[in-house]
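Colleague: Sharing run-v1.cif (mmCIF, C-alpha atoms) below.
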```cif
data_my_file
#
loop_
_atom_site.label_atom_id
_atom_site.label_comp_id
_atom_site.auth_asym_id
_atom_site.auth_seq_id
_atom_site.Cartn_x
_atom_site.Cartn_y
_atom_site.Cartn_z
CA MET A 1152 -26.93 -17.10 -12.89
CA GLN A 1153 -25.58 -17.85 -9.45
CA ASN A 1154 -22.15 -18.48 -10.88
CA PHE A 1155 -22.39 -16.31 -13.94
CA LEU A 1156 -21.84 -12.94 -12.29
CA PRO A 1157 -18.76 -13.89 -10.28
CA ASP A 1158 -17.14 -15.32 -13.43
CA ILE A 1159 -17.75 -12.07 -15.28
CA ILE A 1160 -16.26 -10.16 -12.36
CA GLN A 1161 -13.20 -12.41 -12.37
CA LEU A 1162 -12.72 -11.86 -16.10
CA VAL A 1163 -12.98 -8.10 -15.71
CA TYR A 1164 -10.43 -8.34 -12.87
CA LEU A 1165 -8.15 -10.13 -15.33
CA VAL A 1166 -8.51 -7.20 -17.73
CA ALA A 1167 -7.74 -4.74 -14.93
CA THR A 1168 -4.64 -6.76 -14.03
CA GLY A 1169 -3.38 -6.56 -17.61
CA VAL A 1170 -4.03 -2.82 -17.66
CA PHE A 1171 -1.98 -2.39 -14.45
CA ILE A 1172 0.95 -4.34 -15.89
CA VAL A 1173 1.01 -2.26 -19.07
CA GLY A 1174 0.53 0.89 -16.96
CA ILE A 1175 3.53 0.18 -14.71
CA LYS A 1176 5.62 -0.72 -17.74
CA ARG A 1177 4.78 2.59 -19.41
CA LEU A 1178 5.46 4.53 -16.19
CA GLY A 1179 9.09 3.47 -16.45
CA SER A 1180 9.84 5.40 -19.62
CA PRO A 1181 9.68 9.21 -19.99
CA ALA A 1182 7.78 9.26 -23.27
CA THR A 1183 4.97 7.01 -22.08
CA ALA A 1184 4.89 7.73 -18.34
CA ARG A 1185 1.84 9.98 -18.31
CA SER A 1186 -0.28 7.64 -20.37
CA GLY A 1187 0.91 4.78 -18.16
CA ASN A 1188 -0.40 6.56 -15.09
CA GLN A 1189 -3.73 7.30 -16.77
CA LEU A 1190 -3.98 3.70 -17.89
CA ALA A 1191 -3.40 2.49 -14.33
CA ALA A 1192 -6.10 4.88 -13.08
CA LEU A 1193 -8.47 3.43 -15.68
CA GLY A 1194 -7.65 -0.08 -14.47
CA MET A 1195 -8.47 0.98 -10.92
CA LEU A 1196 -11.80 2.48 -12.02
CA ILE A 1197 -12.71 -0.73 -13.87
CA GLY A 1198 -11.86 -2.78 -10.78
CA VAL A 1199 -13.89 -0.59 -8.43
CA ILE A 1200 -16.97 -0.47 -10.65
CA VAL A 1201 -17.13 -4.19 -11.29
CA THR A 1202 -16.68 -4.91 -7.57
CA LEU A 1203 -19.90 -3.02 -6.87
CA PHE A 1204 -21.72 -5.81 -8.76
CA ASP A 1205 -20.30 -8.41 -6.39
CA GLN A 1206 -23.10 -10.33 -4.68
CA GLN A 1207 -21.37 -9.79 -1.35
CA VAL A 1208 -21.79 -6.05 -1.70
CA VAL A 1209 -25.33 -5.28 -0.61
CA SER A 1210 -25.34 -2.00 1.29
CA PHE A 1211 -24.09 1.13 -0.38
CA ASN A 1212 -24.50 3.86 2.28
CA PHE A 1213 -21.05 3.38 3.73
CA ILE A 1214 -19.51 2.90 0.29
CA ILE A 1215 -20.90 6.14 -1.11
CA ALA A 1216 -19.99 8.10 2.03
CA GLY A 1217 -16.47 6.67 2.11
CA VAL A 1218 -15.73 7.21 -1.56
CA VAL A 1219 -17.05 10.79 -1.49
CA ILE A 1220 -15.09 11.75 1.63
CA GLY A 1221 -11.91 10.02 0.48
CA SER A 1222 -12.07 11.46 -3.04
CA LEU A 1223 -12.57 14.98 -1.71
CA ILE A 1224 -9.63 14.75 0.69
CA GLY A 1225 -7.39 13.08 -1.87
CA ALA A 1226 -8.27 15.46 -4.70
CA VAL A 1227 -7.89 18.63 -2.62
CA ALA A 1228 -4.56 17.44 -1.20
CA ALA A 1229 -3.28 16.52 -4.65
CA LYS A 1230 -4.34 19.87 -6.13
CA LYS A 1231 -2.99 22.03 -3.33
CA VAL A 1232 0.37 20.41 -2.71
CA GLU A 1233 3.45 22.35 -3.76
CA MET A 1234 5.59 20.71 -6.41
CA THR A 1235 8.53 20.70 -4.01
CA ALA A 1236 6.48 18.83 -1.42
CA MET A 1237 5.69 15.86 -3.66
CA PRO A 1238 7.70 13.18 -1.84
CA GLU A 1239 5.98 13.84 1.50
CA MET A 1240 2.61 13.88 -0.23
CA VAL A 1241 3.36 10.47 -1.73
CA ALA A 1242 4.44 9.30 1.72
CA ILE A 1243 1.16 10.32 3.32
CA PHE A 1244 -0.96 8.79 0.54
CA ASN A 1245 1.07 5.63 0.88
CA GLY A 1246 0.49 5.61 4.63
CA PHE A 1247 -3.26 5.76 4.09
CA GLY A 1248 -3.03 2.87 1.62
CA GLY A 1249 -1.14 0.70 4.09
CA GLY A 1250 -3.56 1.65 6.86
CA ALA A 1251 -6.46 0.71 4.61
CA SER A 1252 -5.02 -2.79 4.09
CA ALA A 1253 -4.70 -3.30 7.84
CA LEU A 1254 -8.30 -2.09 8.28
CA VAL A 1255 -9.56 -4.44 5.56
CA ALA A 1256 -8.03 -7.39 7.41
CA TRP A 1257 -9.43 -6.18 10.74
CA GLY A 1258 -12.88 -5.57 9.23
CA GLU A 1259 -12.91 -8.99 7.60
CA LEU A 1260 -11.96 -10.54 10.93
CA SER A 1261 -14.66 -8.73 12.86
CA ARG A 1262 -17.41 -9.53 10.38
CA THR A 1263 -16.63 -13.17 10.92
CA LEU A 1264 -18.70 -13.68 14.04
CA ASP A 1265 -16.61 -16.51 15.42
CA PRO A 1266 -12.88 -16.16 14.63
CA THR A 1267 -12.24 -19.77 15.60
CA MET A 1268 -14.26 -20.72 12.51
CA LEU A 1269 -11.47 -19.30 10.36
CA GLU A 1270 -8.67 -21.62 9.35
CA VAL A 1271 -5.15 -21.06 10.56
CA GLN A 1272 -3.81 -19.97 7.16
CA ASP A 1273 -6.57 -17.34 6.86
CA LEU A 1274 -5.66 -15.98 10.28
CA VAL A 1275 -1.98 -15.85 9.33
CA THR A 1276 -2.83 -13.66 6.34
CA VAL A 1277 -5.04 -11.45 8.55
CA GLY A 1278 -2.12 -11.09 10.97
CA LEU A 1279 0.37 -10.32 8.19
CA SER A 1280 -1.95 -7.70 6.65
CA ILE A 1281 -2.25 -5.98 9.99
CA LEU A 1282 1.50 -6.22 10.61
CA ILE A 1283 2.67 -4.88 7.25
CA GLY A 1284 -0.19 -2.42 6.81
CA SER A 1285 0.41 -0.87 10.24
CA ILE A 1286 4.17 -0.54 9.71
CA THR A 1287 3.46 1.22 6.41
CA PHE A 1288 0.90 3.50 8.08
CA THR A 1289 3.02 4.88 10.91
CA GLY A 1290 6.32 4.63 9.01
CA SER A 1291 4.93 6.77 6.21
CA PHE A 1292 3.68 9.37 8.65
CA VAL A 1293 7.09 9.60 10.31
CA ALA A 1294 8.66 9.97 6.84
CA PHE A 1295 6.15 12.73 6.11
CA GLY A 1296 6.95 14.42 9.42
CA LYS A 1297 10.67 14.28 8.75
CA LEU A 1298 10.34 15.84 5.30
CA LYS A 1299 7.96 18.50 6.58
CA GLY A 1300 10.23 19.26 9.50
CA PHE A 1301 7.70 18.32 12.21
CA ILE A 1302 10.20 15.68 13.27
CA SER A 1303 13.92 16.32 13.19
CA GLY A 1304 15.42 15.24 9.89
CA ARG A 1305 18.48 13.98 11.73
CA PRO A 1306 18.69 10.31 12.54
CA LEU A 1307 17.05 9.81 15.93
CA THR A 1308 18.66 6.87 17.64
CA PHE A 1309 19.04 5.25 21.01
CA PRO A 1310 21.66 2.65 21.96
CA GLY A 1311 20.88 -0.82 20.72
CA GLN A 1312 18.14 0.45 18.44
CA ASN A 1313 18.89 -1.87 15.53
CA ILE A 1314 18.92 -4.90 17.79
CA PHE A 1315 15.76 -3.74 19.51
CA ASN A 1316 14.00 -3.30 16.15
CA LEU A 1317 15.14 -6.72 14.99
CA LEU A 1318 13.88 -8.34 18.18
CA LEU A 1319 10.61 -6.46 17.88
CA THR A 1320 10.23 -7.65 14.28
CA ALA A 1321 10.90 -11.25 15.29
CA GLY A 1322 8.49 -10.89 18.21
CA LEU A 1323 5.79 -9.58 15.90
CA PHE A 1324 6.09 -12.58 13.60
CA GLY A 1325 5.76 -14.70 16.73
CA LEU A 1326 2.61 -12.75 17.63
CA VAL A 1327 1.17 -13.40 14.16
CA GLY A 1328 1.66 -17.11 14.80
CA TRP A 1329 0.12 -16.87 18.28
CA PHE A 1330 -2.84 -14.93 16.93
CA ALA A 1331 -3.39 -17.56 14.21
CA VAL A 1332 -3.53 -20.33 16.78
CA ASP A 1333 -5.54 -18.45 19.37
CA PRO A 1334 -7.59 -15.74 17.58
CA GLU A 1335 -10.01 -15.32 20.46
CA TYR A 1336 -7.32 -14.01 22.77
CA GLN A 1337 -7.99 -10.28 22.34
CA LEU A 1338 -4.77 -9.21 24.04
CA VAL A 1339 -2.64 -10.89 21.35
CA PHE A 1340 -4.58 -9.17 18.59
CA TRP A 1341 -4.20 -5.72 20.14
CA LEU A 1342 -0.54 -6.30 20.99
CA LEU A 1343 0.05 -7.27 17.38
CA PHE A 1344 -1.75 -4.17 16.14
CA GLY A 1345 -0.13 -1.76 18.59
CA LEU A 1346 3.43 -3.06 18.33
CA SER A 1347 3.23 -3.09 14.52
CA LEU A 1348 2.30 0.58 14.60
CA LEU A 1349 5.23 1.17 16.98
CA LEU A 1350 7.67 -0.72 14.73
CA GLY A 1351 6.74 1.53 11.80
CA ILE A 1352 7.75 4.57 13.87
CA LEU A 1353 10.94 3.00 15.22
CA THR A 1354 12.06 1.80 11.79
CA VAL A 1355 11.91 5.22 10.16
CA LEU A 1356 13.00 7.46 13.08
CA PRO A 1357 16.70 6.50 12.85
CA ILE A 1358 16.92 7.30 9.14
CA GLY A 1359 18.17 10.70 8.05
CA GLY A 1360 15.92 13.13 6.18
CA ALA A 1361 18.02 12.99 3.03
CA ASP A 1362 17.36 9.26 2.73
CA MET A 1363 13.60 9.65 3.02
CA PRO A 1364 12.79 9.19 -0.71
CA VAL A 1365 14.40 5.74 -0.55
CA VAL A 1366 12.45 4.94 2.61
CA ILE A 1367 9.19 6.11 1.05
CA SER A 1368 9.87 3.89 -1.94
CA LEU A 1369 10.47 0.94 0.39
CA LEU A 1370 7.29 1.71 2.34
CA ASN A 1371 5.50 1.87 -0.99
CA SER A 1372 6.69 -1.65 -1.66
CA TYR A 1373 5.41 -2.65 1.80
CA SER A 1374 1.98 -1.20 1.12
CA GLY A 1375 1.84 -3.29 -2.06
CA ILE A 1376 2.60 -6.42 -0.06
CA ALA A 1377 0.02 -5.37 2.54
CA ALA A 1378 -2.59 -5.03 -0.21
CA SER A 1379 -1.60 -8.44 -1.51
CA MET A 1380 -2.02 -9.97 1.95
CA ALA A 1381 -5.43 -8.31 2.22
CA GLY A 1382 -6.17 -10.07 -1.09
CA PHE A 1383 -5.31 -13.39 0.54
CA VAL A 1384 -7.69 -12.51 3.39
CA ILE A 1385 -10.69 -11.81 1.17
CA ASN A 1386 -9.63 -14.28 -1.55
CA ASN A 1387 -9.37 -11.70 -4.29
CA ASN A 1388 -7.00 -12.26 -7.22
CA LEU A 1389 -6.94 -8.65 -8.34
CA LEU A 1390 -5.64 -7.55 -4.93
CA ILE A 1391 -3.10 -10.36 -4.74
CA ILE A 1392 -1.70 -9.64 -8.20
CA SER A 1393 -1.70 -5.84 -8.10
CA GLY A 1394 -0.27 -5.84 -4.60
CA ALA A 1395 2.49 -8.25 -5.60
CA LEU A 1396 3.27 -6.17 -8.71
CA VAL A 1397 3.68 -3.01 -6.65
CA GLY A 1398 5.56 -4.87 -3.93
CA ALA A 1399 8.11 -6.25 -6.39
CA ALA A 1400 8.35 -3.20 -8.65
CA GLY A 1401 8.68 -1.00 -5.56
CA LEU A 1402 11.53 -3.10 -4.26
CA ILE A 1403 13.38 -2.86 -7.58
CA LEU A 1404 12.82 0.89 -7.70
CA THR A 1405 14.09 1.21 -4.12
CA ASN A 1406 17.21 -0.64 -5.15
CA ILE A 1407 17.69 1.59 -8.21
CA MET A 1408 17.31 4.69 -6.02
CA CYS A 1409 19.89 3.34 -3.57
CA LYS A 1410 22.34 2.68 -6.36
CA ALA A 1411 21.81 6.20 -7.71
CA MET A 1412 22.94 7.45 -4.28
CA ASN A 1413 25.81 4.97 -4.19
CA ARG A 1414 24.34 3.25 -1.15
CA THR A 1415 22.99 -0.13 -0.30
CA LEU A 1416 19.55 -0.61 1.18
CA GLY A 1417 21.03 -2.10 4.36
CA ASN A 1418 23.22 0.95 4.72
CA VAL A 1419 20.24 3.28 4.41
CA LEU A 1420 18.10 1.32 6.87
CA PHE A 1421 20.62 0.47 9.54
CA GLY A 1422 23.45 2.90 8.90
CA ALA A 1423 22.17 5.69 11.12
CA PHE A 1424 25.51 5.74 12.98
CA GLY A 1425 27.24 7.04 9.89
CA GLY A 1426 24.76 9.87 9.87
CA GLY A 1427 22.59 10.89 6.96
CA ASP A 1428 24.89 11.98 4.18
CA GLY A 1429 22.79 15.02 3.51
CA GLY A 1430 22.79 15.99 7.18
CA SER A 1431 19.52 17.32 8.51
CA GLY A 1432 18.44 18.63 5.14
CA SER A 1433 14.78 18.18 4.47
CA GLY A 1434 15.30 18.69 0.77
CA PRO A 1435 14.73 15.42 -1.04
CA ALA A 1436 15.96 14.71 -4.52
CA ALA A 1437 13.62 16.46 -6.91
CA MET B 22 -5.74 -25.54 1.62
CA SER B 23 -5.71 -25.73 -2.18
CA GLY B 24 -7.13 -22.21 -2.27
CA LEU B 25 -4.13 -20.91 -0.36
CA ILE B 26 -1.69 -22.75 -2.63
CA PHE B 27 -3.44 -21.36 -5.68
CA ASN B 28 -3.20 -17.84 -4.24
CA LEU B 29 0.47 -18.38 -3.44
CA PHE B 30 1.17 -19.36 -7.05
CA ILE B 31 -0.49 -16.16 -8.23
CA PHE B 32 1.39 -14.09 -5.67
CA VAL B 33 4.80 -15.49 -6.60
CA LEU B 34 4.25 -15.28 -10.35
CA ALA B 35 2.92 -11.72 -10.12
CA SER B 36 5.98 -10.79 -8.05
CA PHE B 37 8.24 -12.07 -10.81
CA ILE B 38 6.39 -9.91 -13.33
CA GLY B 39 6.79 -6.93 -10.98
CA PHE B 40 10.53 -7.55 -10.73
CA GLU B 41 10.86 -7.68 -14.51
CA LEU B 42 8.69 -4.62 -15.20
CA ILE B 43 11.13 -2.11 -13.83
CA SER B 44 14.59 -1.69 -15.24
CA LYS B 45 16.82 1.27 -16.01
CA VAL B 46 14.45 4.01 -14.93
CA PRO B 47 15.93 7.50 -15.47
CA PRO B 48 16.36 9.36 -12.14
CA THR B 49 13.80 12.03 -13.11
CA LEU B 50 11.15 9.31 -13.21
CA HIS B 51 11.95 7.83 -9.79
CA THR B 52 9.44 9.94 -7.87
CA PRO B 53 6.60 9.73 -10.44
CA LEU B 54 7.05 5.98 -10.78
CA MET B 55 7.03 5.59 -7.01
CA SER B 56 3.92 7.75 -6.83
CA GLY B 57 2.13 5.86 -9.61
CA ALA B 58 2.95 2.48 -8.10
CA ASN B 59 1.75 3.84 -4.76
CA ALA B 60 -1.60 4.76 -6.30
CA ILE B 61 -1.91 1.21 -7.65
CA SER B 62 -1.30 -0.19 -4.18
CA GLY B 63 -4.53 1.60 -3.26
CA ILE B 64 -6.17 -1.40 -4.97
CA THR B 65 -6.93 -2.43 -1.42
CA ILE B 66 -9.97 -0.16 -1.94
CA ILE B 67 -11.62 -3.20 -3.49
CA GLY B 68 -11.18 -5.10 -0.23
CA ALA B 69 -12.57 -2.10 1.60
CA LEU B 70 -15.65 -2.06 -0.66
CA VAL B 71 -16.33 -5.71 0.10
CA VAL B 72 -15.95 -5.22 3.85
CA ALA B 73 -18.05 -2.04 4.01
CA GLY B 74 -20.73 -3.30 1.64
CA HIS B 75 -21.25 -6.61 3.36
CA SER B 76 -24.29 -7.25 5.47
CA GLY B 77 -22.44 -8.70 8.46
CA GLY B 78 -21.99 -6.77 11.73
CA GLU B 79 -22.22 -3.01 11.99
CA TRP B 80 -18.79 -2.74 13.65
CA ALA B 81 -17.20 -4.32 10.57
CA GLN B 82 -19.00 -1.82 8.35
CA TRP B 83 -17.57 1.11 10.31
CA ILE B 84 -14.10 -0.34 9.96
CA GLY B 85 -14.89 -0.80 6.27
CA LEU B 86 -15.91 2.85 6.02
CA ALA B 87 -12.58 3.97 7.47
CA ALA B 88 -10.80 1.58 5.09
CA ILE B 89 -12.66 3.04 2.09
CA ILE B 90 -11.81 6.61 3.10
CA PHE B 91 -8.12 5.71 3.56
CA ALA B 92 -7.90 3.74 0.34
CA THR B 93 -9.76 6.35 -1.71
CA ILE B 94 -7.41 9.09 -0.48
CA ASN B 95 -4.55 6.85 -1.63
CA VAL B 96 -6.07 6.11 -5.04
CA VAL B 97 -7.52 9.50 -6.00
CA GLY B 98 -4.70 11.55 -4.48
CA GLY B 99 -2.05 9.18 -5.80
CA PHE B 100 -3.11 9.19 -9.43
CA MET B 101 -3.77 12.95 -9.47
CA VAL B 102 -0.46 13.83 -7.90
CA THR B 103 1.40 11.53 -10.30
CA ASP B 104 -0.36 13.15 -13.22
CA ARG B 105 0.63 16.61 -11.97
CA MET B 106 4.25 15.54 -11.67
CA LEU B 107 4.34 14.06 -15.14
CA GLU B 108 2.57 17.07 -16.61
CA MET B 109 5.22 19.35 -15.16
CA PHE B 110 7.90 17.00 -16.42
CA LYS B 111 6.58 17.33 -19.95
CA LYS B 112 6.24 21.12 -19.83
CA LYS B 113 9.71 21.54 -18.45
CA LYS B 114 11.07 19.39 -21.21
CA THR B 115 9.36 21.29 -24.02
CA LYS B 116 10.60 24.57 -22.54
CA GLU B 117 14.12 23.27 -22.52
CA ASP B 118 13.70 22.13 -26.09
CA LYS B 119 12.79 25.61 -27.16
#
```
Produce structure tokens that represent the structure in this file.

Modeller:
Amino acid sequence: MQNFLPDIIQLVYLVATGVFIVGIKRLGSPATARSGNQLAALGMLIGVIVTLFDQQVVSFNFIIAGVVIGSLIGAVAAKKVEMTAMPEMVAIFNGFGGGASALVAWGELSRTLDPTMLEVQDLVTVGLSILIGSITFTGSFVAFGKLKGFISGRPLTFPGQNIFNLLLTAGLFGLVGWFAVDPEYQLVFWLLFGLSLLLGILTVLPIGGADMPVVISLLNSYSGIAASMAGFVINNNLLIISGALVGAAGLILTNIMCKAMNRTLGNVLFGAFGGGDGGSGSGPAA
Amino acid sequence: MSGLIFNLFIFVLASFIGFELISKVPPTLHTPLMSGANAISGITIIGALVVAGHSGGEWAQWIGLAAIIFATINVVGGFMVTDRMLEMFKKKKTKEDK
């Protein structure tokens, strides 16, 4: 019995994985898109329910409270949003997803009483979850702000911004390594967390409002990778696979969207000098 | 170490499937597909459930609670909003057909 339940859970996860793959496939074609989305939602429901039978899950107060609060906020937001405001709504949902992945890694770290007990590779995945999840979180909120007009839709730049962002990115990977070697050094952990959040802001600020749908698609890919990394942290196949699926599919979709605009991804991300083609317009492609 | 290698195999193979799943998507489906994929990335809710439901440290449970709220917003909002988009898509199409 000790091993029986986890095996059943793993098998159900396998079913959920298959459902996600078919769901994404169907989302790519107009005739089947709606059923694909419903199928994917079903897969998610299956995954969530079976996880509740996990032996690790013993207290349900926080789970019930969290699911109720989150469902209410998500459902109300999804019902109320104007059709024209869809891209920014997706951005904000995506931001929450990325943030959740960072929090999962942080929570997993802090429930391990002695971080030095964790192996280096586990700490690397914790660091990467926090890095990618945090970038997705703040980046998505800046994208939301730009589309809503809270932040100017024009590219906001300062001299040497691209180089600064590249150095910051490299530095953050260095911090992930440092954190993995020396997880007890609190300063490194908080620097990693804080600077990742900052990088998300700095990456999206220089991009024009008209390019936001492409950026949101890219951030969506990031949040998939973040979920996958969180899967590495808690050793969960369903997270690793679904996250990788979204990460890869999101990247392809981003590329398709760039091509539709006759741009390259590099041009969208780093081409702020050329100015957003659509100027300061906050009107994304419908 | 073998656990990590095993997970890496899964990650890489799943990525290849993801790359192959999407091809030639009509522009009208770009936003719904993005939105649907985004909802699936809320799968991290399962990680949040494990962290929040675990019996270790209260601090971790509070972080888990925040993670569940975030992930649930992503999942519930994401799937609902995608459904609304696709519903509209269908209606618009039938109107045009008439």

Colleague: Can you spell out as a compact mmCIF listing (two decimals) with C-alpha atoms, in the frame of the given file the set of residues that the PyMOL selection byres ((chain B) within 7 of (chain A)) selects in the structure I just provided?

Modeller:
```txt
# COMPACT_ATOMS: atom_id res chain seq x y z
CA ASN B 28 -3.20 -17.84 -4.24
CA ILE B 31 -0.49 -16.16 -8.23
CA PHE B 32 1.39 -14.09 -5.67
CA ALA B 35 2.92 -11.72 -10.12
CA SER B 36 5.98 -10.79 -8.05
CA ILE B 38 6.39 -9.91 -13.33
CA GLY B 39 6.79 -6.93 -10.98
CA PHE B 40 10.53 -7.55 -10.73
CA LEU B 42 8.69 -4.62 -15.20
CA ILE B 43 11.13 -2.11 -13.83
CA VAL B 46 14.45 4.01 -14.93
CA LEU B 50 11.15 9.31 -13.21
CA LEU B 54 7.05 5.98 -10.78
CA MET B 55 7.03 5.59 -7.01
CA SER B 56 3.92 7.75 -6.83
CA GLY B 57 2.13 5.86 -9.61
CA ALA B 58 2.95 2.48 -8.10
CA ASN B 59 1.75 3.84 -4.76
CA ILE B 61 -1.91 1.21 -7.65
CA SER B 62 -1.30 -0.19 -4.18
CA GLY B 63 -4.53 1.60 -3.26
CA ILE B 64 -6.17 -1.40 -4.97
CA THR B 65 -6.93 -2.43 -1.42
CA ILE B 67 -11.62 -3.20 -3.49
CA GLY B 68 -11.18 -5.10 -0.23
CA ALA B 69 -12.57 -2.10 1.60
CA LEU B 70 -15.65 -2.06 -0.66
CA VAL B 71 -16.33 -5.71 0.10
CA VAL B 72 -15.95 -5.22 3.85
CA ALA B 73 -18.05 -2.04 4.01
CA GLY B 74 -20.73 -3.30 1.64
CA HIS B 75 -21.25 -6.61 3.36
CA SER B 76 -24.29 -7.25 5.47
CA GLY B 77 -22.44 -8.70 8.46
CA GLY B 78 -21.99 -6.77 11.73
CA ALA B 81 -17.20 -4.32 10.57
CA ILE B 84 -14.10 -0.34 9.96
CA GLY B 85 -14.89 -0.80 6.27
CA LEU B 86 -15.91 2.85 6.02
CA ALA B 88 -10.80 1.58 5.09
CA ILE B 89 -12.66 3.04 2.09
CA ILE B 90 -11.81 6.61 3.10
CA PHE B 91 -8.12 5.71 3.56
CA ALA B 92 -7.90 3.74 0.34
CA THR B 93 -9.76 6.35 -1.71
CA ILE B 94 -7.41 9.09 -0.48
CA ASN B 95 -4.55 6.85 -1.63
CA VAL B 97 -7.52 9.50 -6.00
CA GLY B 98 -4.70 11.55 -4.48
CA GLY B 99 -2.05 9.18 -5.80
CA PHE B 100 -3.11 9.19 -9.43
CA MET B 101 -3.77 12.95 -9.47
CA VAL B 102 -0.46 13.83 -7.90
CA ASP B 104 -0.36 13.15 -13.22
CA LEU B 107 4.34 14.06 -15.14
```

Colleague: Which residues would end up in the selection if the PyMOL selection byres ((chain A and resi 1344) around 10) were applied here, given that I need the answer as a count of residues only?

Modeller: 23

Colleague: For the atom pair atom CA of A:Val1163 and atom CA of A:Ile1197, what is the interatomic distance in Å to one decimal place?

Modeller: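 These two atoms are separated by 7.6 Å.
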
Colleague: Measure the distance from atom CA of A:Ile1358 to atom CA of A:Gly1300 in Å and round it to one decimal.

Modeller: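 Computed distance, atom CA of A:Ile1358 to atom CA of A:Gly1300, equals 13.7 Å.
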
Colleague: Taking all atoms listed in the file into account, name the residue in A:Gln1312, A:Asn1406, A:Thr1415, A:Ser1280 that is nearest to B:Lys45.

Modeller: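 Checking each of A:Gln1312, A:Asn1406, A:Thr1415, A:Ser1280 against B:Lys45, counting all atoms listed in the file, the winner is A:Asn1406.
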
Colleague: Go ahead and compute the interatomic distance for atom CA of A:Gly1304 and atom CA of A:Gly1359, in Å to one decimal.

Modeller: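 The value is 5.6 Å.
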